[in-house]
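Everything below belongs to protein_35.cif, which stores mmCIF, C-alpha atoms.
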```
data_protein
loop_
_atom_site.group_PDB
_atom_site.id
_atom_site.type_symbol
_atom_site.label_atom_id
_atom_site.label_comp_id
_atom_site.auth_asym_id
_atom_site.auth_seq_id
_atom_site.Cartn_x
_atom_site.Cartn_y
_atom_site.Cartn_z
ATOM 1 C CA MET A 217 -28.072 -139.011 -14.353
ATOM 2 C CA GLU A 218 -29.971 -142.253 -13.758
ATOM 3 C CA PHE A 219 -33.538 -142.908 -12.675
ATOM 4 C CA THR A 220 -35.536 -145.829 -11.379
ATOM 5 C CA ILE A 221 -39.282 -146.244 -10.941
ATOM 6 C CA VAL A 222 -40.740 -147.493 -7.681
ATOM 7 C CA ASN A 223 -44.437 -148.329 -7.653
ATOM 8 C CA HIS A 224 -46.438 -147.663 -4.518
ATOM 9 C CA PRO A 225 -50.184 -148.229 -4.085
ATOM 10 C CA ASP A 226 -51.247 -144.643 -4.778
ATOM 11 C CA VAL A 227 -48.132 -142.961 -6.095
ATOM 12 C CA VAL A 228 -45.224 -143.689 -8.413
ATOM 13 C CA GLU A 229 -41.846 -142.695 -7.040
ATOM 14 C CA ILE A 230 -39.179 -141.665 -9.547
ATOM 15 C CA VAL A 231 -35.792 -141.951 -7.878
ATOM 16 C CA ILE A 232 -33.174 -139.820 -9.603
ATOM 17 C CA SER A 233 -29.462 -140.151 -8.906
ATOM 18 C CA GLY A 234 -26.151 -138.708 -10.070
ATOM 19 C CA GLN A 235 -25.751 -135.272 -11.567
ATOM 20 C CA PHE A 236 -28.624 -133.376 -13.102
ATOM 21 C CA THR A 237 -27.142 -130.847 -15.525
ATOM 22 C CA PHE A 238 -27.468 -129.557 -19.077
ATOM 23 C CA ASN A 239 -25.618 -132.631 -20.412
ATOM 24 C CA HIS A 240 -28.387 -134.933 -19.211
ATOM 25 C CA ASN A 241 -31.324 -133.743 -21.266
ATOM 26 C CA GLN A 242 -31.362 -136.848 -23.488
ATOM 27 C CA LYS A 243 -31.621 -139.099 -20.458
ATOM 28 C CA PHE A 244 -34.277 -136.885 -18.908
ATOM 29 C CA LYS A 245 -36.441 -137.078 -22.022
ATOM 30 C CA GLN A 246 -36.799 -140.822 -21.449
ATOM 31 C CA LEU A 247 -38.917 -139.995 -18.410
ATOM 32 C CA LEU A 248 -41.646 -138.132 -20.242
ATOM 33 C CA PRO A 249 -43.269 -141.017 -22.167
ATOM 34 C CA LEU A 250 -43.551 -142.916 -18.891
ATOM 35 C CA LEU A 251 -46.102 -140.412 -17.652
ATOM 36 C CA ASP A 252 -48.659 -141.771 -20.125
ATOM 37 C CA THR A 253 -48.316 -145.285 -18.729
ATOM 38 C CA LEU A 254 -49.054 -144.489 -15.106
ATOM 39 C CA GLN A 255 -52.153 -145.821 -13.369
ATOM 40 C CA VAL A 256 -51.869 -143.443 -10.405
ATOM 41 C CA ARG A 257 -52.844 -139.808 -9.884
ATOM 42 C CA ALA A 258 -49.548 -138.577 -8.447
ATOM 43 C CA ILE A 259 -45.808 -138.978 -8.734
ATOM 44 C CA THR A 260 -43.003 -138.221 -6.312
ATOM 45 C CA ILE A 261 -39.556 -137.184 -7.472
ATOM 46 C CA ASN A 262 -37.010 -138.497 -4.982
ATOM 47 C CA LEU A 263 -33.877 -136.344 -5.234
ATOM 48 C CA HIS A 264 -31.913 -137.962 -2.406
ATOM 49 C CA GLY A 265 -29.367 -139.445 -4.795
ATOM 50 C CA VAL A 266 -28.865 -136.290 -6.861
ATOM 51 C CA GLU A 267 -25.492 -134.904 -5.854
ATOM 52 C CA PHE A 268 -25.503 -131.797 -8.052
ATOM 53 C CA ILE A 269 -28.036 -129.825 -10.072
ATOM 54 C CA ASP A 270 -27.668 -126.790 -12.315
ATOM 55 C CA SER A 271 -30.154 -124.346 -13.806
ATOM 56 C CA SER A 272 -30.810 -126.677 -16.755
ATOM 57 C CA GLY A 273 -31.705 -129.428 -14.307
ATOM 58 C CA LEU A 274 -34.139 -127.043 -12.645
ATOM 59 C CA GLY A 275 -35.687 -126.362 -16.033
ATOM 60 C CA MET A 276 -36.111 -130.083 -16.651
ATOM 61 C CA LEU A 277 -37.912 -130.479 -13.318
ATOM 62 C CA LEU A 278 -40.245 -127.646 -14.282
ATOM 63 C CA LEU A 279 -40.837 -129.216 -17.672
ATOM 64 C CA LEU A 280 -41.721 -132.470 -15.922
ATOM 65 C CA ARG A 281 -44.118 -130.540 -13.719
ATOM 66 C CA ASP A 282 -45.785 -128.933 -16.737
ATOM 67 C CA GLU A 283 -46.233 -132.355 -18.346
ATOM 68 C CA CYS A 284 -47.785 -133.658 -15.121
ATOM 69 C CA VAL A 285 -50.193 -130.730 -14.975
ATOM 70 C CA LYS A 286 -51.307 -131.478 -18.554
ATOM 71 C CA ARG A 287 -52.082 -135.036 -17.490
ATOM 72 C CA ASP A 288 -53.745 -133.993 -14.236
ATOM 73 C CA LEU A 289 -50.997 -135.738 -12.282
ATOM 74 C CA GLY A 290 -49.868 -134.451 -8.909
ATOM 75 C CA ILE A 291 -46.100 -134.059 -8.471
ATOM 76 C CA THR A 292 -43.947 -133.541 -5.399
ATOM 77 C CA LEU A 293 -40.219 -133.163 -4.862
ATOM 78 C CA GLN A 294 -38.713 -134.925 -1.867
ATOM 79 C CA GLN A 295 -35.467 -135.582 -0.031
ATOM 80 C CA ALA A 296 -33.313 -132.986 -1.747
ATOM 81 C CA GLN A 297 -30.128 -132.448 0.213
ATOM 82 C CA GLY A 298 -26.894 -130.500 0.144
ATOM 83 C CA GLN A 299 -26.305 -128.411 -2.965
ATOM 84 C CA VAL A 300 -29.575 -129.557 -4.521
ATOM 85 C CA GLU A 301 -31.620 -128.444 -1.534
ATOM 86 C CA LYS A 302 -29.896 -125.084 -1.500
ATOM 87 C CA ILE A 303 -30.441 -124.454 -5.200
ATOM 88 C CA LEU A 304 -34.120 -125.411 -4.972
ATOM 89 C CA THR A 305 -34.505 -122.989 -2.065
ATOM 90 C CA ILE A 306 -32.764 -120.130 -3.872
ATOM 91 C CA SER A 307 -34.974 -120.767 -6.897
ATOM 92 C CA LYS A 308 -38.126 -120.706 -4.734
ATOM 93 C CA PHE A 309 -39.245 -124.126 -5.884
ATOM 94 C CA ASP A 310 -41.351 -124.417 -2.738
ATOM 95 C CA GLN A 311 -43.715 -121.966 -4.452
ATOM 96 C CA ILE A 312 -44.016 -124.264 -7.463
ATOM 97 C CA PHE A 313 -43.807 -127.807 -6.135
ATOM 98 C CA ALA A 314 -45.353 -129.512 -3.147
ATOM 99 C CA THR A 315 -42.754 -131.108 -0.900
ATOM 100 C CA MET B 274 11.585 -121.599 -36.756
ATOM 101 C CA ALA B 275 12.297 -118.402 -34.798
ATOM 102 C CA GLN B 276 13.791 -118.807 -31.348
ATOM 103 C CA LEU B 277 11.405 -117.604 -28.689
ATOM 104 C CA GLN B 278 12.520 -116.204 -25.359
ATOM 105 C CA PHE B 279 10.262 -116.541 -22.353
ATOM 106 C CA SER B 280 10.541 -114.406 -19.265
ATOM 107 C CA ALA B 281 9.928 -116.001 -15.899
ATOM 108 C CA THR B 282 6.494 -114.473 -15.665
ATOM 109 C CA GLN B 283 5.521 -115.818 -19.048
ATOM 110 C CA SER B 284 6.901 -119.286 -18.676
ATOM 111 C CA LEU B 285 4.650 -122.075 -19.740
ATOM 112 C CA ASP B 286 5.067 -125.032 -17.460
ATOM 113 C CA PHE B 287 2.420 -127.452 -18.567
ATOM 114 C CA LEU B 288 1.002 -128.378 -21.874
ATOM 115 C CA CYS B 289 -1.816 -130.748 -21.296
ATOM 116 C CA SER B 290 -3.683 -132.696 -23.916
ATOM 117 C CA PHE B 291 -6.892 -134.679 -23.531
ATOM 118 C CA GLY B 292 -6.392 -136.942 -26.501
ATOM 119 C CA ASN B 293 -4.069 -137.785 -29.378
ATOM 120 C CA GLN B 294 -2.598 -134.455 -30.300
ATOM 121 C CA PRO B 295 0.112 -133.167 -32.629
ATOM 122 C CA LEU B 296 3.707 -133.057 -31.478
ATOM 123 C CA MET B 297 4.579 -130.354 -29.032
ATOM 124 C CA PRO B 298 6.265 -127.351 -30.652
ATOM 125 C CA ASP B 299 9.917 -126.619 -29.932
ATOM 126 C CA PHE B 300 10.061 -123.760 -27.443
ATOM 127 C CA GLY B 301 13.756 -124.024 -26.773
ATOM 128 C CA TYR B 302 13.116 -125.666 -23.403
ATOM 129 C CA THR B 303 10.958 -128.538 -22.329
ATOM 130 C CA PRO B 304 7.780 -127.791 -20.478
ATOM 131 C CA TYR B 305 5.868 -130.733 -19.092
ATOM 132 C CA TYR B 306 3.749 -132.302 -21.756
ATOM 133 C CA PHE B 307 1.462 -135.225 -21.337
ATOM 134 C CA THR B 308 -1.759 -136.739 -22.500
ATOM 135 C CA LEU B 309 -4.736 -137.325 -20.265
ATOM 136 C CA PRO B 310 -6.985 -140.128 -21.535
ATOM 137 C CA ASN B 311 -9.937 -138.268 -20.102
ATOM 138 C CA PRO B 312 -10.614 -135.089 -18.119
ATOM 139 C CA SER B 313 -11.299 -137.009 -14.905
ATOM 140 C CA LEU B 314 -7.525 -137.142 -14.414
ATOM 141 C CA LEU B 315 -7.284 -133.355 -14.529
ATOM 142 C CA THR B 316 -7.629 -132.541 -10.824
ATOM 143 C CA PRO B 317 -4.210 -133.731 -9.558
ATOM 144 C CA ILE B 318 -2.539 -131.987 -12.492
ATOM 145 C CA LEU B 319 -4.127 -128.671 -11.563
ATOM 146 C CA LEU B 320 -2.720 -129.012 -8.034
ATOM 147 C CA LYS B 321 0.815 -128.575 -9.302
ATOM 148 C CA SER B 322 2.416 -125.233 -8.485
ATOM 149 C CA ASN B 323 2.413 -124.134 -12.116
ATOM 150 C CA ARG B 324 0.339 -121.188 -13.187
ATOM 151 C CA PHE B 325 -0.887 -121.896 -16.644
ATOM 152 C CA PHE B 326 -2.357 -125.071 -18.039
ATOM 153 C CA LEU B 327 -3.135 -125.199 -21.710
ATOM 154 C CA GLU B 328 -5.012 -127.874 -23.560
ATOM 155 C CA ILE B 329 -3.756 -128.491 -27.081
ATOM 156 C CA GLY B 330 -6.870 -128.802 -29.185
ATOM 157 C CA ALA B 331 -7.322 -131.074 -32.172
ATOM 158 C CA MET B 332 -7.385 -128.131 -34.557
ATOM 159 C CA ASP B 333 -4.594 -126.085 -32.991
ATOM 160 C CA THR B 334 -1.585 -124.817 -34.874
ATOM 161 C CA LEU B 335 1.739 -123.640 -33.475
ATOM 162 C CA GLU B 336 0.693 -120.015 -33.916
ATOM 163 C CA LYS B 337 -2.550 -120.502 -31.987
ATOM 164 C CA THR B 338 -0.723 -122.292 -29.192
ATOM 165 C CA LEU B 339 1.824 -119.527 -28.862
ATOM 166 C CA ASP B 340 -0.835 -116.813 -28.880
ATOM 167 C CA ARG B 341 -2.517 -118.483 -25.943
ATOM 168 C CA ILE B 342 0.749 -118.761 -24.031
ATOM 169 C CA PHE B 343 1.430 -115.056 -24.407
ATOM 170 C CA ALA B 344 -2.144 -114.244 -23.418
ATOM 171 C CA ALA B 345 -1.716 -115.922 -20.038
ATOM 172 C CA GLY B 346 -1.614 -113.458 -17.192
ATOM 173 C CA PRO B 347 0.157 -113.824 -13.855
ATOM 174 C CA SER B 348 -2.677 -115.705 -12.117
ATOM 175 C CA PHE B 349 -3.866 -119.291 -12.373
ATOM 176 C CA ALA B 350 -5.387 -120.015 -15.753
ATOM 177 C CA LEU B 351 -6.804 -123.083 -17.418
ATOM 178 C CA ASN B 352 -7.462 -122.751 -21.124
ATOM 179 C CA VAL B 353 -9.488 -125.579 -22.654
ATOM 180 C CA THR B 354 -11.561 -126.413 -25.688
ATOM 181 C CA THR B 355 -15.336 -126.167 -25.626
ATOM 182 C CA LEU B 356 -15.514 -129.920 -26.128
ATOM 183 C CA SER B 357 -13.524 -130.618 -22.968
ATOM 184 C CA ALA B 358 -15.460 -128.068 -20.922
ATOM 185 C CA TYR B 359 -18.702 -129.725 -22.081
ATOM 186 C CA ASP B 360 -17.763 -132.917 -20.232
ATOM 187 C CA GLY B 361 -20.345 -133.525 -17.513
ATOM 188 C CA ALA B 362 -17.906 -133.676 -14.617
ATOM 189 C CA PHE B 363 -15.493 -130.982 -15.807
ATOM 190 C CA SER B 364 -16.683 -128.321 -13.355
ATOM 191 C CA ASP B 365 -16.366 -130.826 -10.510
ATOM 192 C CA HIS B 366 -12.754 -131.686 -11.370
ATOM 193 C CA VAL B 367 -11.783 -128.033 -11.689
ATOM 194 C CA SER B 368 -13.600 -126.822 -8.567
ATOM 195 C CA MET B 369 -12.030 -129.655 -6.563
ATOM 196 C CA ALA B 370 -8.613 -128.557 -7.775
ATOM 197 C CA LEU B 371 -9.325 -124.888 -7.030
ATOM 198 C CA GLU B 372 -10.463 -125.729 -3.501
ATOM 199 C CA GLN B 373 -7.258 -127.597 -2.781
ATOM 200 C CA ARG B 374 -4.913 -125.328 -4.694
ATOM 201 C CA PHE B 375 -6.141 -122.190 -2.927
ATOM 202 C CA PHE B 376 -6.893 -123.853 0.429
ATOM 203 C CA LEU B 377 -10.555 -122.870 0.261
ATOM 204 C CA GLU B 378 -12.962 -124.040 2.907
ATOM 205 C CA SER B 379 -15.171 -126.883 1.800
ATOM 206 C CA THR B 380 -18.260 -124.837 2.659
ATOM 207 C CA LEU B 381 -17.316 -122.488 -0.151
ATOM 208 C CA ARG B 382 -16.795 -125.301 -2.627
ATOM 209 C CA MET B 383 -20.497 -125.843 -3.272
ATOM 210 C CA SER B 384 -20.998 -122.205 -4.218
ATOM 211 C CA ILE B 385 -17.878 -122.127 -6.361
ATOM 212 C CA ARG B 386 -18.731 -125.358 -8.144
ATOM 213 C CA THR B 387 -22.279 -124.164 -8.854
ATOM 214 C CA CYS B 388 -21.094 -120.775 -10.097
ATOM 215 C CA LEU B 389 -18.385 -122.399 -12.194
ATOM 216 C CA GLN B 390 -20.918 -124.818 -13.697
ATOM 217 C CA GLU B 391 -23.363 -122.041 -14.545
ATOM 218 C CA ALA B 392 -20.669 -119.764 -15.945
ATOM 219 C CA LEU B 393 -19.244 -122.620 -18.031
ATOM 220 C CA ALA B 394 -22.702 -123.525 -19.327
ATOM 221 C CA ASN B 395 -23.202 -119.904 -20.378
ATOM 222 C CA ALA B 396 -19.744 -119.741 -21.957
ATOM 223 C CA ILE B 397 -20.330 -122.988 -23.853
ATOM 224 C CA ILE B 398 -23.950 -122.626 -24.886
ATOM 225 C CA HIS B 399 -24.524 -118.889 -25.275
ATOM 226 C CA GLY B 400 -20.912 -117.867 -25.860
ATOM 227 C CA ASN B 401 -19.070 -120.344 -28.040
ATOM 228 C CA LEU B 402 -22.049 -122.306 -29.450
ATOM 229 C CA ALA B 403 -23.818 -118.942 -30.028
ATOM 230 C CA LEU B 404 -27.242 -120.224 -28.986
ATOM 231 C CA GLU B 405 -29.743 -117.816 -27.507
ATOM 232 C CA SER B 406 -31.913 -118.862 -24.600
ATOM 233 C CA PRO B 407 -35.047 -120.643 -25.801
ATOM 234 C CA LYS B 408 -38.493 -119.234 -25.397
ATOM 235 C CA CYS B 409 -39.790 -120.879 -22.291
ATOM 236 C CA SER B 410 -42.000 -123.586 -23.747
ATOM 237 C CA ALA B 411 -41.566 -127.336 -23.778
ATOM 238 C CA SER B 412 -41.027 -127.569 -27.548
ATOM 239 C CA SER B 413 -38.527 -124.675 -27.565
ATOM 240 C CA PHE B 414 -36.719 -126.258 -24.620
ATOM 241 C CA ASN B 415 -36.354 -129.536 -26.536
ATOM 242 C CA ASP B 416 -35.290 -127.765 -29.735
ATOM 243 C CA PHE B 417 -32.701 -125.848 -27.739
ATOM 244 C CA HIS B 418 -31.101 -129.000 -26.363
ATOM 245 C CA GLU B 419 -31.154 -130.579 -29.813
ATOM 246 C CA ALA B 420 -29.320 -127.524 -31.117
ATOM 247 C CA ILE B 421 -26.682 -127.876 -28.371
ATOM 248 C CA THR B 422 -26.143 -131.520 -29.285
ATOM 249 C CA CYS B 423 -25.863 -130.624 -32.965
ATOM 250 C CA ARG B 424 -23.368 -127.778 -32.541
ATOM 251 C CA ILE B 425 -21.117 -129.488 -29.996
ATOM 252 C CA ALA B 426 -20.620 -132.280 -32.553
ATOM 253 C CA GLN B 427 -19.039 -129.856 -35.035
ATOM 254 C CA ASP B 428 -15.245 -129.437 -35.153
ATOM 255 C CA HIS B 429 -15.406 -125.664 -35.458
ATOM 256 C CA PHE B 430 -17.434 -125.229 -32.277
ATOM 257 C CA GLN B 431 -15.531 -127.901 -30.361
ATOM 258 C CA ALA B 432 -12.254 -126.073 -30.941
ATOM 259 C CA LEU B 433 -13.369 -122.694 -29.560
ATOM 260 C CA ARG B 434 -11.734 -121.796 -26.284
ATOM 261 C CA ILE B 435 -12.810 -121.187 -22.725
ATOM 262 C CA CYS B 436 -10.407 -119.763 -20.178
ATOM 263 C CA ILE B 437 -10.922 -120.236 -16.441
ATOM 264 C CA MET B 438 -8.865 -117.859 -14.324
ATOM 265 C CA ALA B 439 -8.571 -117.633 -10.558
ATOM 266 C CA THR B 440 -6.876 -115.405 -8.041
ATOM 267 C CA CYS B 441 -6.920 -115.524 -4.277
ATOM 268 C CA ASP B 442 -5.767 -113.185 -1.525
ATOM 269 C CA GLU B 443 -6.528 -112.858 2.166
ATOM 270 C CA GLN B 444 -9.996 -111.425 1.579
ATOM 271 C CA TYR B 445 -11.339 -112.765 -1.675
ATOM 272 C CA PHE B 446 -11.348 -115.644 -4.096
ATOM 273 C CA THR B 447 -12.068 -114.418 -7.612
ATOM 274 C CA LEU B 448 -13.091 -116.635 -10.507
ATOM 275 C CA ARG B 449 -13.278 -115.462 -14.116
ATOM 276 C CA ILE B 450 -14.622 -117.313 -17.126
ATOM 277 C CA ARG B 451 -13.898 -116.031 -20.628
ATOM 278 C CA ASP B 452 -15.260 -117.406 -23.901
ATOM 279 C CA GLN B 453 -14.915 -116.571 -27.595
ATOM 280 C CA GLY B 454 -18.554 -115.710 -28.247
ATOM 281 C CA LYS B 455 -19.965 -112.370 -29.297
ATOM 282 C CA GLY B 456 -20.385 -111.126 -25.747
ATOM 283 C CA PHE B 457 -23.019 -110.743 -23.067
ATOM 284 C CA PRO B 458 -26.260 -109.004 -23.987
ATOM 285 C CA HIS B 459 -27.007 -105.648 -22.454
ATOM 286 C CA HIS B 460 -28.360 -105.816 -18.919
ATOM 287 C CA ALA B 461 -27.553 -109.530 -18.665
ATOM 288 C CA LEU B 462 -27.031 -109.215 -14.915
ATOM 289 C CA LEU B 463 -30.287 -107.382 -14.363
ATOM 290 C CA THR B 464 -32.698 -110.090 -15.495
ATOM 291 C CA SER B 465 -34.497 -112.082 -12.847
ATOM 292 C CA PRO B 466 -36.514 -115.160 -13.815
ATOM 293 C CA THR B 467 -39.887 -116.058 -12.342
ATOM 294 C CA PRO B 468 -39.831 -119.219 -10.212
ATOM 295 C CA ASP B 469 -41.657 -121.213 -12.907
ATOM 296 C CA ALA B 470 -39.439 -120.115 -15.822
ATOM 297 C CA LEU B 471 -38.022 -123.131 -17.672
ATOM 298 C CA CYS B 472 -34.782 -121.296 -18.432
ATOM 299 C CA GLY B 473 -32.734 -118.165 -17.913
ATOM 300 C CA ARG B 474 -31.751 -118.553 -14.263
ATOM 301 C CA GLY B 475 -28.014 -119.246 -14.596
ATOM 302 C CA LEU B 476 -26.800 -115.707 -13.895
ATOM 303 C CA PHE B 477 -29.446 -115.378 -11.177
ATOM 304 C CA LEU B 478 -27.982 -118.397 -9.361
ATOM 305 C CA ILE B 479 -24.466 -117.019 -9.706
ATOM 306 C CA GLN B 480 -25.527 -113.677 -8.278
ATOM 307 C CA SER B 481 -27.277 -115.457 -5.411
ATOM 308 C CA LEU B 482 -24.178 -117.457 -4.456
ATOM 309 C CA ALA B 483 -21.241 -115.125 -5.165
ATOM 310 C CA ASN B 484 -20.659 -111.950 -3.195
ATOM 311 C CA HIS B 485 -19.983 -109.798 -6.244
ATOM 312 C CA VAL B 486 -20.513 -110.511 -9.951
ATOM 313 C CA TRP B 487 -19.565 -108.350 -12.902
ATOM 314 C CA ILE B 488 -18.841 -108.522 -16.612
ATOM 315 C CA GLU B 489 -15.379 -107.328 -17.646
ATOM 316 C CA ALA B 490 -14.790 -104.607 -20.197
ATOM 317 C CA ASP B 491 -14.239 -107.139 -23.001
ATOM 318 C CA ASN B 492 -17.896 -108.199 -22.490
ATOM 319 C CA LYS B 493 -16.842 -111.854 -22.752
ATOM 320 C CA THR B 494 -15.465 -112.441 -19.270
ATOM 321 C CA LEU B 495 -17.746 -113.090 -16.316
ATOM 322 C CA SER B 496 -16.093 -112.374 -12.975
ATOM 323 C CA MET B 497 -17.302 -113.709 -9.630
ATOM 324 C CA ARG B 498 -15.864 -112.790 -6.260
ATOM 325 C CA PHE B 499 -16.327 -114.746 -3.031
ATOM 326 C CA ASN B 500 -15.557 -113.375 0.416
ATOM 327 C CA LEU B 501 -13.201 -115.587 2.407
#
```
Show how you would write the structure in this file as structure tokens.
Amino acid sequence: MEFTIVNHPDVVEIVISGQFTFNHNQKFKQLLPLLDTLQVRAITINLHGVEFIDSSGLGMLLLLRDECVKRDLGITLQQAQGQVEKILTISKFDQIFAT
Amino acid sequence: MAQLQFSATQSLDFLCSFGNQPLMPDFGYTPYYFTLPNPSLLTPILLKSNRFFLEIGAMDTLEKTLDRIFAAGPSFALNVTTLSAYDGAFSDHVSMALEQRFFLESTLRMSIRTCLQEALANAIIHGNLALESPKCSASSFNDFHEAITCRIAQDHFQALRICIMATCDEQYFTLRIRDQGKGFPHHALLTSPTPDALCGRGLFLIQSLANHVWIEADNKTLSMRFNL
């Protein structure tokens, strides 16, 4: 899993790529401190480059969401495709995240 | 050393090692034996016509190796160490091989790969590493992943086995994953997580994607059947 940060005027876009599975928790944890450095009120998680996600990856997204809520940051998931889109749908993430 | 006789149905055709391993034991004939520098080279090996593929682990003895050979049934089986199964792309390599080996439609591959990944994660984390699901809080979630990292670094846990078995006929493709843990908890297939639960949705995803899911009588084998 890799991620890059793209700054937009009102929102920070976090572009995630690769696989997002239980092996990638250490990498994921690098994202969390970044939330305290943001000067915007919302972030977007761009999942276009994520080719595969498992239930641990879903848990990490939810953890990220919880951390955003604590900081009064809005969070949306966008551009999921293929297996990722299907798994998010099965897991009813549309009830939890804005898209 | 006693001479061992193998029947045709019990023949071991491949011994496959992922690293520097001890010398292959003398079976009285020469099965294929080779070393893969890393598991990414596994897929073309699994496409061979042979039935049983056995990884020789770093802590294996002759007796352990032979026990695993005799335990192989008539269907496709891949028996690996927990350390090898923990590799991030392992489920991808194996599902790619299964798709090609059994001529499965690519539309089914996504479901099979996801189910294989979830079943392997369960077998590794809850089975062989003997870690219970964390309470669903951020700190427990982090502690849980720290515990995984700690246990997978230990020789004893690395050497425990996971067996992936597959059969295919005209109607169904069946995938089974067996580990060496203490077994599934009661009612494991009956739990259903809330959408905002940080954990505990692996079996839920499997049951959503496979047509039939059950736990075998040994309580350590998860079986998943897909309609063709």
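Excluding Glu218 in chain A and any residue on its chain fewer than 5 positions from it, the residues at most 7 Å away by only C-alpha atoms are A:Ile232, A:Ser233, A:Gly234.
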Given the selection you just returned, output its residues as a file containing C-alpha atoms, formatted as a PDB file, keeping the file's coordinate frame.
```pdb
ATOM      1  CA  ILE A 232     -33.174-139.820  -9.603  1.00  0.00           C
ATOM      2  CA  SER A 233     -29.462-140.151  -8.906  1.00  0.00           C
ATOM      3  CA  GLY A 234     -26.151-138.708 -10.070  1.00  0.00           C
TER       4      GLY A 234
END
```
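Across the structure, CA of Ala358 in chain B and CA of Leu327 in chain B are spaced 12.7 Å apart.
The coordinates place CA of Leu377 in chain B at 27.2 Å from CA of Leu274 in chain A.
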Can you list what the PyMOL selection byres ((chain A) within 9 of (chain B)) grabs from this structure, as a PyMOL selection string? chain A and resi 235+237-242+245+268-272+274-279+282-283+298-299+303+306-309+311-312
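Across the structure, CA of Gly456 in chain B and CA of Leu389 in chain B are spaced 17.7 Å apart.
Nearest to Glu267 in chain A of all the residues A:Val228, A:Ala296, A:Val222, A:Leu280 is A:Ala296, counting only C-alpha atoms.
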Excluding Glu443 in chain B and residues on its chain fewer than 6 positions from it, collect all residues at most 12 Å away from it, counting all atoms listed in the file, and give them as number ranges by chain. B: 375-377, 499-501
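By only C-alpha atoms, and with residues fewer than 6 positions from Asn401 in chain B along its chain excluded, the set lying at most 8 Å from it is Thr355, Phe430, Leu433, Arg434, Asp452, Gln453 and Gly454 of chain B.
With all atoms listed in the file as the atoms that count, the residue of A:Glu301, A:Leu247, A:Thr292, A:His224 with the shortest distance to Ile259 in chain A is A:Thr292.
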To test your reading of the syntax: which residues would the PyMOL selection byres ((chain B and resi 488) around 10) return for the file shown? Reply as a PDB file with C-alpha atoms, in the coordinates of the input.
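part-v1.pdb, freshly written:
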```
ATOM      1  CA  ARG B 449     -13.278-115.462 -14.116  1.00  0.00           C
ATOM      2  CA  ILE B 450     -14.622-117.313 -17.126  1.00  0.00           C
ATOM      3  CA  ARG B 451     -13.898-116.031 -20.628  1.00  0.00           C
ATOM      4  CA  GLY B 456     -20.385-111.126 -25.747  1.00  0.00           C
ATOM      5  CA  PHE B 457     -23.019-110.743 -23.067  1.00  0.00           C
ATOM      6  CA  ALA B 461     -27.553-109.530 -18.665  1.00  0.00           C
ATOM      7  CA  LEU B 462     -27.031-109.215 -14.915  1.00  0.00           C
ATOM      8  CA  VAL B 486     -20.513-110.511  -9.951  1.00  0.00           C
ATOM      9  CA  TRP B 487     -19.565-108.350 -12.902  1.00  0.00           C
ATOM     10  CA  GLU B 489     -15.379-107.328 -17.646  1.00  0.00           C
ATOM     11  CA  ALA B 490     -14.790-104.607 -20.197  1.00  0.00           C
ATOM     12  CA  ASP B 491     -14.239-107.139 -23.001  1.00  0.00           C
ATOM     13  CA  ASN B 492     -17.896-108.199 -22.490  1.00  0.00           C
ATOM     14  CA  LYS B 493     -16.842-111.854 -22.752  1.00  0.00           C
ATOM     15  CA  THR B 494     -15.465-112.441 -19.270  1.00  0.00           C
ATOM     16  CA  LEU B 495     -17.746-113.090 -16.316  1.00  0.00           C
ATOM     17  CA  SER B 496     -16.093-112.374 -12.975  1.00  0.00           C
ATOM     18  CA  MET B 497     -17.302-113.709  -9.630  1.00  0.00           C
TER      19      MET B 497
END
```
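Residue membership of the PyMOL selection byres ((chain A and resi 262) around 7) in the shown file amounts to Glu229, Ile230, Val231, Ile232, Thr260, Ile261, Leu263, His264, Leu293, Gln294 and Gln295 of chain A.
A cut-off of 8 Å from the point (-9.4, -122.0, -13.2), with all atoms listed in the file, picks out the residues Phe349, Ala350, Leu351, Val367, Ser368, Leu371, Cys436, Ile437, Met438, Ala439, Leu448 and Arg449 of chain B.
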Take the residues from that selection and put them in a file with C-alpha atoms, as an mmCIF file, in the frame of the given file.
```cif
data_model
loop_
_atom_site.group_PDB
_atom_site.id
_atom_site.type_symbol
_atom_site.label_atom_id
_atom_site.label_comp_id
_atom_site.auth_asym_id
_atom_site.auth_seq_id
_atom_site.Cartn_x
_atom_site.Cartn_y
_atom_site.Cartn_z
ATOM 1 C CA PHE B 349 -3.866 -119.291 -12.373
ATOM 2 C CA ALA B 350 -5.387 -120.015 -15.753
ATOM 3 C CA LEU B 351 -6.804 -123.083 -17.418
ATOM 4 C CA VAL B 367 -11.783 -128.033 -11.689
ATOM 5 C CA SER B 368 -13.600 -126.822 -8.567
ATOM 6 C CA LEU B 371 -9.325 -124.888 -7.030
ATOM 7 C CA CYS B 436 -10.407 -119.763 -20.178
ATOM 8 C CA ILE B 437 -10.922 -120.236 -16.441
ATOM 9 C CA MET B 438 -8.865 -117.859 -14.324
ATOM 10 C CA ALA B 439 -8.571 -117.633 -10.558
ATOM 11 C CA LEU B 448 -13.091 -116.635 -10.507
ATOM 12 C CA ARG B 449 -13.278 -115.462 -14.116
#
```
